[in-house]
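Structure file coords18.cif; described as mmCIF, C-alpha atoms.
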data_data
loop_
_atom_site.group_PDB
_atom_site.id
_atom_site.type_symbol
_atom_site.label_atom_id
_atom_site.label_comp_id
_atom_site.auth_asym_id
_atom_site.auth_seq_id
_atom_site.Cartn_x
_atom_site.Cartn_y
_atom_site.Cartn_z
ATOM 1 C CA MET Q 1 86.662 128.076 68.786
ATOM 2 C CA VAL Q 2 84.623 131.046 69.887
ATOM 3 C CA LYS Q 3 85.367 132.670 73.226
ATOM 4 C CA GLY Q 4 82.732 135.368 73.062
ATOM 5 C CA LYS Q 5 80.608 136.808 70.298
ATOM 6 C CA ASN Q 6 83.540 138.514 68.547
ATOM 7 C CA GLU Q 7 86.538 136.962 70.295
ATOM 8 C CA SER Q 8 88.241 133.807 69.084
ATOM 9 C CA VAL Q 9 91.006 131.765 70.661
ATOM 10 C CA ASP Q 10 94.043 130.647 68.696
ATOM 11 C CA THR Q 11 94.126 126.983 69.743
ATOM 12 C CA TYR Q 12 97.104 125.954 67.613
ATOM 13 C CA PRO Q 13 99.727 126.918 70.263
ATOM 14 C CA ILE Q 14 97.772 125.017 72.922
ATOM 15 C CA ILE Q 15 97.551 121.926 70.713
ATOM 16 C CA ALA Q 16 101.179 122.108 69.585
ATOM 17 C CA ASN Q 17 102.427 122.571 73.157
ATOM 18 C CA PHE Q 18 100.330 119.618 74.391
ATOM 19 C CA PHE Q 19 101.740 117.242 71.760
ATOM 20 C CA ARG Q 20 105.286 118.546 72.169
ATOM 21 C CA LYS Q 21 105.137 117.827 75.905
ATOM 22 C CA GLN Q 22 103.652 114.342 75.328
ATOM 23 C CA LEU Q 23 106.295 113.392 72.781
ATOM 24 C CA GLU Q 24 109.081 114.734 74.977
ATOM 25 C CA HIS Q 25 107.835 112.878 78.054
ATOM 26 C CA THR Q 26 107.389 109.631 76.133
ATOM 27 C CA SER Q 27 110.842 109.922 74.581
ATOM 28 C CA LEU Q 28 112.514 110.606 77.926
ATOM 29 C CA SER Q 29 110.620 107.738 79.597
ATOM 30 C CA VAL Q 30 111.719 104.962 77.250
ATOM 31 C CA ASP Q 31 114.934 104.168 79.146
ATOM 32 C CA SER Q 32 113.109 103.772 82.454
ATOM 33 C CA ILE Q 33 110.196 101.670 81.141
ATOM 34 C CA ALA Q 34 111.574 99.513 78.303
ATOM 35 C CA GLU Q 35 112.899 96.668 80.459
ATOM 36 C CA GLY Q 36 109.696 96.506 82.522
ATOM 37 C CA ILE Q 37 107.523 96.415 79.390
ATOM 38 C CA ALA Q 38 109.610 93.573 77.938
ATOM 39 C CA GLN Q 39 109.403 91.582 81.194
ATOM 40 C CA ALA Q 40 105.666 92.192 81.492
ATOM 41 C CA ALA Q 41 104.999 91.122 77.895
ATOM 42 C CA GLN Q 42 107.025 87.948 78.346
ATOM 43 C CA LEU Q 43 105.170 87.051 81.579
ATOM 44 C CA CYS Q 44 101.831 87.654 79.855
ATOM 45 C CA ALA Q 45 102.742 85.566 76.811
ATOM 46 C CA GLU Q 46 103.974 82.720 79.022
ATOM 47 C CA ALA Q 47 100.697 82.792 80.958
ATOM 48 C CA ILE Q 48 98.649 82.753 77.746
ATOM 49 C CA LEU Q 49 100.670 79.864 76.290
ATOM 50 C CA ALA Q 50 100.209 77.959 79.584
ATOM 51 C CA GLU Q 51 96.439 78.486 79.196
ATOM 52 C CA LYS Q 52 96.251 80.905 82.123
ATOM 53 C CA LYS Q 53 94.219 84.102 82.286
ATOM 54 C CA LEU Q 54 95.380 87.625 81.733
ATOM 55 C CA PHE Q 55 93.505 90.433 83.513
ATOM 56 C CA SER Q 56 93.582 93.975 82.124
ATOM 57 C CA THR Q 57 92.532 96.235 84.977
ATOM 58 C CA GLY Q 58 91.905 99.972 85.109
ATOM 59 C CA LEU Q 59 89.561 102.260 86.989
ATOM 60 C CA ALA Q 60 88.499 105.862 86.410
ATOM 61 C CA SER Q 61 91.161 107.613 84.284
ATOM 62 C CA ASP Q 62 93.036 104.291 83.887
ATOM 63 C CA CYS Q 63 90.012 102.618 82.292
ATOM 64 C CA SER Q 64 90.907 103.580 78.720
ATOM 65 C CA SER Q 65 94.359 101.962 78.920
ATOM 66 C CA ALA Q 66 92.915 98.716 80.285
ATOM 67 C CA VAL Q 67 90.198 98.662 77.618
ATOM 68 C CA ALA Q 68 92.762 99.347 74.874
ATOM 69 C CA LEU Q 69 95.033 96.510 76.024
ATOM 70 C CA ALA Q 70 92.146 94.039 76.246
ATOM 71 C CA GLY Q 71 90.704 95.091 72.887
ATOM 72 C CA LEU Q 72 94.022 94.867 71.073
ATOM 73 C CA LEU Q 73 94.734 91.435 72.529
ATOM 74 C CA GLN Q 74 91.284 90.193 71.591
ATOM 75 C CA ARG Q 75 91.324 91.582 68.053
ATOM 76 C CA GLY Q 76 95.006 91.647 67.101
ATOM 77 C CA ILE Q 77 97.286 94.520 66.267
ATOM 78 C CA LEU Q 78 99.894 93.128 63.862
ATOM 79 C CA ARG Q 79 98.130 90.383 61.897
ATOM 80 C CA GLU Q 80 95.065 88.228 61.647
ATOM 81 C CA ARG Q 81 95.205 85.716 64.455
ATOM 82 C CA PRO Q 82 93.046 84.025 67.066
ATOM 83 C CA SER Q 83 91.796 86.131 69.956
ATOM 84 C CA LEU Q 84 94.016 86.008 73.030
ATOM 85 C CA PRO Q 85 92.348 85.267 76.384
ATOM 86 C CA VAL Q 86 92.092 88.444 78.413
ATOM 87 C CA VAL Q 87 89.604 89.400 81.114
ATOM 88 C CA GLU Q 88 88.833 93.105 81.073
ATOM 89 C CA LEU Q 89 88.300 94.564 84.541
ATOM 90 C CA ALA Q 90 87.732 98.184 83.636
ATOM 91 C CA GLU Q 91 85.167 100.568 85.021
ATOM 92 C CA HIS Q 92 84.898 104.232 84.219
ATOM 93 C CA HIS Q 93 81.521 104.996 85.813
ATOM 94 C CA ILE Q 94 82.192 104.235 89.466
ATOM 95 C CA ASP Q 95 81.131 105.991 92.639
ATOM 96 C CA SER Q 96 84.750 106.171 93.773
ATOM 97 C CA VAL Q 97 88.071 104.568 92.944
ATOM 98 C CA ASP Q 98 87.843 102.832 96.323
ATOM 99 C CA THR Q 99 84.516 101.220 95.329
ATOM 100 C CA GLY Q 100 85.955 100.247 91.948
ATOM 101 C CA THR Q 101 89.047 98.785 93.600
ATOM 102 C CA LEU Q 102 86.866 96.677 95.863
ATOM 103 C CA TRP Q 103 84.904 95.375 92.838
ATOM 104 C CA ALA Q 104 87.984 94.661 90.674
ATOM 105 C CA SER Q 105 89.974 93.043 93.493
ATOM 106 C CA GLN Q 106 86.944 90.838 94.262
ATOM 107 C CA GLN Q 107 86.914 89.804 90.595
ATOM 108 C CA ILE Q 108 90.585 88.829 90.793
ATOM 109 C CA GLN Q 109 89.838 86.978 94.021
ATOM 110 C CA ALA Q 110 86.925 85.099 92.406
ATOM 111 C CA LEU Q 111 88.439 84.420 88.969
ATOM 112 C CA GLY Q 112 92.181 84.337 89.600
ATOM 113 C CA GLN Q 113 94.181 81.136 89.698
ATOM 114 C CA ALA Q 114 97.839 80.353 90.221
ATOM 115 C CA GLY Q 115 99.830 81.410 87.170
ATOM 116 C CA ASP Q 116 97.402 84.097 85.978
ATOM 117 C CA VAL Q 117 98.728 87.609 85.341
ATOM 118 C CA ALA Q 118 97.001 90.915 86.167
ATOM 119 C CA ILE Q 119 98.140 94.095 84.469
ATOM 120 C CA ILE Q 120 96.888 96.839 86.730
ATOM 121 C CA PHE Q 121 96.895 100.394 85.389
ATOM 122 C CA ALA Q 122 97.418 102.082 88.734
ATOM 123 C CA LEU Q 123 97.684 105.802 88.081
ATOM 124 C CA ALA Q 124 94.349 106.523 89.807
ATOM 125 C CA LEU Q 125 95.027 104.190 92.742
ATOM 126 C CA SER Q 126 95.974 105.171 96.288
ATOM 127 C CA GLU Q 127 98.428 103.177 98.389
ATOM 128 C CA SER Q 128 95.525 101.408 100.114
ATOM 129 C CA ASP Q 129 93.984 100.538 96.717
ATOM 130 C CA ILE Q 130 97.312 99.107 95.564
ATOM 131 C CA GLN Q 131 97.552 97.099 98.772
ATOM 132 C CA ARG Q 132 94.022 95.730 98.296
ATOM 133 C CA PHE Q 133 94.850 94.576 94.754
ATOM 134 C CA HIS Q 134 98.149 93.135 95.947
ATOM 135 C CA LEU Q 135 96.505 91.078 98.697
ATOM 136 C CA SER Q 136 93.864 89.685 96.320
ATOM 137 C CA ALA Q 137 96.462 88.802 93.705
ATOM 138 C CA GLU Q 138 98.845 87.311 96.247
ATOM 139 C CA ASP Q 139 96.067 85.237 97.828
ATOM 140 C CA ARG Q 140 95.182 83.728 94.417
ATOM 141 C CA GLN Q 141 98.847 83.456 93.293
ATOM 142 C CA VAL Q 142 98.229 85.907 90.452
ATOM 143 C CA THR Q 143 101.264 87.873 89.271
ATOM 144 C CA ALA Q 144 100.474 91.591 89.415
ATOM 145 C CA ILE Q 145 102.153 94.030 87.040
ATOM 146 C CA TRP Q 146 101.715 97.687 87.952
ATOM 147 C CA VAL Q 147 101.577 100.368 85.251
ATOM 148 C CA GLY Q 148 101.735 104.083 86.058
ATOM 149 C CA GLN Q 149 102.664 103.706 89.719
ATOM 150 C CA ARG Q 150 104.969 101.512 91.707
ATOM 151 C CA GLY Q 151 103.450 98.498 93.391
ATOM 152 C CA PRO Q 152 104.770 95.286 94.930
ATOM 153 C CA GLY Q 153 106.646 93.343 92.253
ATOM 154 C CA LEU Q 154 107.094 94.372 88.627
ATOM 155 C CA SER Q 155 106.247 98.033 88.005
ATOM 156 C CA ILE Q 156 106.326 100.092 84.837
ATOM 157 C CA SER Q 157 106.480 103.715 85.883
ATOM 158 C CA SER Q 158 108.233 106.795 84.577
ATOM 159 C CA GLY Q 159 108.063 108.844 87.756
ATOM 160 C CA ASP Q 160 106.351 112.118 88.474
ATOM 161 C CA GLU Q 161 104.881 114.119 85.614
ATOM 162 C CA THR Q 162 101.583 115.772 84.799
ATOM 163 C CA ILE Q 163 98.475 113.606 84.780
ATOM 164 C CA GLU Q 164 98.084 114.234 81.037
ATOM 165 C CA SER Q 165 101.619 112.988 80.332
ATOM 166 C CA LEU Q 166 101.181 109.922 82.503
ATOM 167 C CA LEU Q 167 97.793 109.006 80.981
ATOM 168 C CA THR Q 168 99.201 109.377 77.483
ATOM 169 C CA LEU Q 169 102.230 107.268 78.389
ATOM 170 C CA ASN Q 170 100.051 104.559 79.997
ATOM 171 C CA TYR Q 171 97.927 104.334 76.855
ATOM 172 C CA SER Q 172 101.093 104.008 74.772
ATOM 173 C CA ILE Q 173 102.359 101.319 77.152
ATOM 174 C CA ALA Q 174 99.095 99.397 76.663
ATOM 175 C CA ILE Q 175 99.565 99.468 72.890
ATOM 176 C CA CYS Q 176 103.231 98.479 73.156
ATOM 177 C CA LEU Q 177 102.385 95.623 75.554
ATOM 178 C CA ALA Q 178 99.742 94.313 73.144
ATOM 179 C CA ARG Q 179 102.252 94.398 70.298
ATOM 180 C CA LEU Q 180 104.944 92.594 72.305
ATOM 181 C CA ILE Q 181 102.559 90.007 73.761
ATOM 182 C CA GLU Q 182 101.405 89.228 70.242
ATOM 183 C CA THR Q 183 105.026 88.978 69.066
ATOM 184 C CA TYR Q 184 106.018 86.686 71.966
ATOM 185 C CA THR Q 185 102.916 84.540 71.400
ATOM 186 C CA PHE Q 186 102.903 84.257 67.592
ATOM 187 C CA GLY Q 187 106.452 85.276 66.625
ATOM 188 C CA PRO Q 188 107.718 88.371 64.864
ATOM 189 C CA VAL Q 189 105.933 89.828 61.878
ATOM 190 C CA GLU Q 190 107.956 89.799 58.714
ATOM 191 C CA ASP Q 191 107.974 93.091 56.821
#
What would you get if you wrote out this structure as structure tokens?
Amino acid sequence: MVKGKNESVDTYPIIANFFRKQLEHTSLSVDSIAEGIAQAAQLCAEAILAEKKLFSTGLASDCSSAVALAGLLQRGILRERPSLPVVELAEHHIDSVDTGTLWASQQIQALGQAGDVAIIFALALSESDIQRFHLSAEDRQVTAIWVGQRGPGLSISSGDETIESLLTLNYSIAICLARLIETYTFGPVED
């Protein structure tokens, strides 16, 4: 990478430090998130097997985690299998998180039914955004699962860290959830 005409930047230490911090944060977070991930995956699998909907919701920086979860559930991660029913409510190009929250909570209000489950990647959400989602979900009897921040009910959160660490962890949680939901739905994969 060129800084100026004759100056170059040694990026290896920057890269190595970034990954070291991510791995360390993820490793230290496992104890605080493992039980929540297992509970969330079981709730999602039960909803799917009862022919209910699963919403994967994320706005702004949380969009990629919601898209990853939906994509992995639709296409499979461990084996060839039928697509699992998931409604992706993810929007990266929004005027504001508040506008996106209004849109996504209206979607839950319009599409949600008793017994559905909404996984809400909530790192970018304010308290009022969380409350708006909660009211929509509660009104439609949709179980909300909060990832990245605490919300009413089941939350999967590792606490305060840098935004980079939390985004990386949320993406990893999305992948882990997809794997566990698939395992709960179709059984374990034999090696």
**Point-to-point distance from CA of Gly71 in chain Q to CA of Glu91 in chain Q, Å rounded to tenths** =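 Taking CA of Gly71 in chain Q and CA of Glu91 in chain Q, their separation equals 14.4 Å.
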**Asked** Evaluating the PyMOL selection byres ((chain Q and resi 108-125) around 9) on the displayed file yields which residues, as a ChimeraX atom specification?
**Response** /Q:40,43-44,47-48,50-63,65-66,89,97-98,101,103-107,126-130,133,136-137,139-151,163,166-167,170
**Ala45 in chain Q surroundings by all atoms listed in the file, 9 Å radius, close-in-sequence under 4 positions cut, as a ChimeraX atom specification** = /Q:40-41,49-50,180-185
**Request:** Choose the residue, out of Q:Thr162, Q:Ser172, Q:Ser155, Q:Gln74, that has the smallest atom-to-atom separation from Ser32 in chain Q; count only C-alpha atoms.
**Result:**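 For Ser32 in chain Q, the nearest of the given residues is Q:Ser155.
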Counting all atoms listed in the file, I want the residues whose atoms come within 8 Å of (93.9, 97.3, 76.6) in the file frame, returned as a PDB file with C-alpha atoms, in the coordinates of the input.
ATOM      1  CA  SER Q  56      93.582  93.975  82.124  1.00  0.00           C
ATOM      2  CA  SER Q  64      90.907 103.580  78.720  1.00  0.00           C
ATOM      3  CA  SER Q  65      94.359 101.962  78.920  1.00  0.00           C
ATOM      4  CA  ALA Q  66      92.915  98.716  80.285  1.00  0.00           C
ATOM      5  CA  VAL Q  67      90.198  98.662  77.618  1.00  0.00           C
ATOM      6  CA  ALA Q  68      92.762  99.347  74.874  1.00  0.00           C
ATOM      7  CA  LEU Q  69      95.033  96.510  76.024  1.00  0.00           C
ATOM      8  CA  ALA Q  70      92.146  94.039  76.246  1.00  0.00           C
ATOM      9  CA  GLY Q  71      90.704  95.091  72.887  1.00  0.00           C
ATOM     10  CA  LEU Q  72      94.022  94.867  71.073  1.00  0.00           C
ATOM     11  CA  LEU Q  73      94.734  91.435  72.529  1.00  0.00           C
ATOM     12  CA  GLU Q  88      88.833  93.105  81.073  1.00  0.00           C
ATOM     13  CA  ALA Q 174      99.095  99.397  76.663  1.00  0.00           C
ATOM     14  CA  ILE Q 175      99.565  99.468  72.890  1.00  0.00           C
ATOM     15  CA  ALA Q 178      99.742  94.313  73.144  1.00  0.00           C
TER      16      ALA Q 178
END
**Within 12 Å of range 7-21 of chain Q using only C-alpha atoms, minus same-chain residues under 6 positions, as JSON, numbers by chain** = {"Q": [1, 27, 28, 161, 162, 163, 164, 165, 166, 168, 169]}
Extending 8 Å beyond the listed atoms of range 12-16 of chain Q on each side, what axis-aligned box results? I want centre and edge lengths in Å to one decimal, as JSON.
{"center_x": 99.1, "center_y": 124.4, "center_z": 70.3, "size_x": 20.1, "size_y": 21.0, "size_z": 21.3}
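For the pair CA of Leu154 in chain Q and CA of Asp31 in chain Q, the interatomic distance is 15.7 Å.
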**Request:** Could you check how far CA of Leu84 in chain Q sits from CA of Ile173 in chain Q, in Å to one decimal?
**Result:**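 So the two atoms, CA of Leu84 in chain Q and CA of Ile173 in chain Q, lie 17.9 Å apart.
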**Message:** Between Q:Leu78, Q:Cys176, Q:Ile156, Q:Val189, which residue has the minimum interatomic distance to Ser29 in chain Q, considering all atoms listed in the file?
**Reply:**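 Of Q:Leu78, Q:Cys176, Q:Ile156, Q:Val189, the one nearest Ser29 in chain Q is Q:Ile156, counting all atoms listed in the file.
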Please rebuild range 174-185 of chain Q with all heavy atoms and return the result as a short mmCIF file (atom, residue, chain, number, x, y, z; two decimals), in the coordinates of the input.
data_model
loop_
_atom_site.label_atom_id
_atom_site.label_comp_id
_atom_site.auth_asym_id
_atom_site.auth_seq_id
_atom_site.Cartn_x
_atom_site.Cartn_y
_atom_site.Cartn_z
N ALA Q 174 100.09 100.43 76.96
CA ALA Q 174 99.10 99.40 76.66
C ALA Q 174 99.24 98.91 75.23
O ALA Q 174 99.22 97.70 74.95
CB ALA Q 174 97.68 99.93 76.91
N ILE Q 175 99.41 99.83 74.30
CA ILE Q 175 99.56 99.47 72.89
C ILE Q 175 100.86 98.70 72.68
O ILE Q 175 100.88 97.67 71.99
CB ILE Q 175 99.50 100.72 72.00
CG1 ILE Q 175 98.12 101.37 72.09
CG2 ILE Q 175 99.85 100.39 70.55
CD1 ILE Q 175 98.04 102.76 71.51
N CYS Q 176 101.94 99.16 73.28
CA CYS Q 176 103.23 98.48 73.16
C CYS Q 176 103.17 97.07 73.76
O CYS Q 176 103.70 96.12 73.19
CB CYS Q 176 104.32 99.32 73.82
SG CYS Q 176 105.99 98.67 73.57
N LEU Q 177 102.54 96.95 74.93
CA LEU Q 177 102.38 95.62 75.55
C LEU Q 177 101.62 94.67 74.63
O LEU Q 177 102.02 93.52 74.46
CB LEU Q 177 101.65 95.74 76.89
CG LEU Q 177 102.48 96.08 78.11
CD1 LEU Q 177 101.57 96.41 79.29
CD2 LEU Q 177 103.42 94.95 78.46
N ALA Q 178 100.53 95.15 74.05
CA ALA Q 178 99.74 94.31 73.14
C ALA Q 178 100.60 93.84 71.97
O ALA Q 178 100.57 92.67 71.59
CB ALA Q 178 98.51 95.07 72.65
N ARG Q 179 101.37 94.74 71.43
CA ARG Q 179 102.25 94.40 70.30
C ARG Q 179 103.28 93.35 70.71
O ARG Q 179 103.50 92.37 70.00
CB ARG Q 179 102.92 95.66 69.80
CG ARG Q 179 103.81 95.45 68.61
CD ARG Q 179 104.51 96.75 68.20
NE ARG Q 179 105.31 96.51 67.05
CZ ARG Q 179 104.97 96.81 65.81
NH1 ARG Q 179 103.82 97.39 65.57
NH2 ARG Q 179 105.78 96.55 64.80
N LEU Q 180 103.92 93.54 71.86
CA LEU Q 180 104.94 92.59 72.31
C LEU Q 180 104.35 91.25 72.72
O LEU Q 180 104.94 90.20 72.44
CB LEU Q 180 105.75 93.18 73.47
CG LEU Q 180 106.78 94.23 73.10
CD1 LEU Q 180 107.41 94.81 74.36
CD2 LEU Q 180 107.84 93.66 72.18
N ILE Q 181 103.21 91.27 73.38
CA ILE Q 181 102.56 90.01 73.76
C ILE Q 181 102.23 89.21 72.51
O ILE Q 181 102.46 88.00 72.44
CB ILE Q 181 101.30 90.27 74.63
CG1 ILE Q 181 101.70 90.83 75.99
CG2 ILE Q 181 100.48 88.99 74.78
CD1 ILE Q 181 100.55 91.42 76.79
N GLU Q 182 101.72 89.89 71.51
CA GLU Q 182 101.40 89.23 70.24
C GLU Q 182 102.68 88.67 69.60
O GLU Q 182 102.70 87.56 69.08
CB GLU Q 182 100.72 90.22 69.31
CG GLU Q 182 100.22 89.61 68.03
CD GLU Q 182 99.35 90.56 67.24
OE1 GLU Q 182 98.44 91.18 67.81
OE2 GLU Q 182 99.60 90.67 66.03
N THR Q 183 103.76 89.43 69.64
CA THR Q 183 105.03 88.98 69.07
C THR Q 183 105.57 87.77 69.82
O THR Q 183 106.00 86.79 69.21
CB THR Q 183 106.05 90.13 69.07
OG1 THR Q 183 105.54 91.20 68.28
CG2 THR Q 183 107.39 89.69 68.52
N TYR Q 184 105.56 87.83 71.16
CA TYR Q 184 106.02 86.69 71.97
C TYR Q 184 105.14 85.45 71.76
O TYR Q 184 105.62 84.32 71.79
CB TYR Q 184 106.02 87.02 73.46
CG TYR Q 184 107.21 87.80 73.95
CD1 TYR Q 184 107.06 88.96 74.69
CD2 TYR Q 184 108.51 87.38 73.69
CE1 TYR Q 184 108.14 89.68 75.17
CE2 TYR Q 184 109.60 88.08 74.15
CZ TYR Q 184 109.42 89.22 74.89
OH TYR Q 184 110.50 89.93 75.36
N THR Q 185 103.86 85.66 71.53
CA THR Q 185 102.92 84.54 71.40
C THR Q 185 102.94 83.93 70.01
O THR Q 185 102.92 82.70 69.86
CB THR Q 185 101.48 85.02 71.74
OG1 THR Q 185 101.49 85.62 73.03
CG2 THR Q 185 100.52 83.85 71.75
#
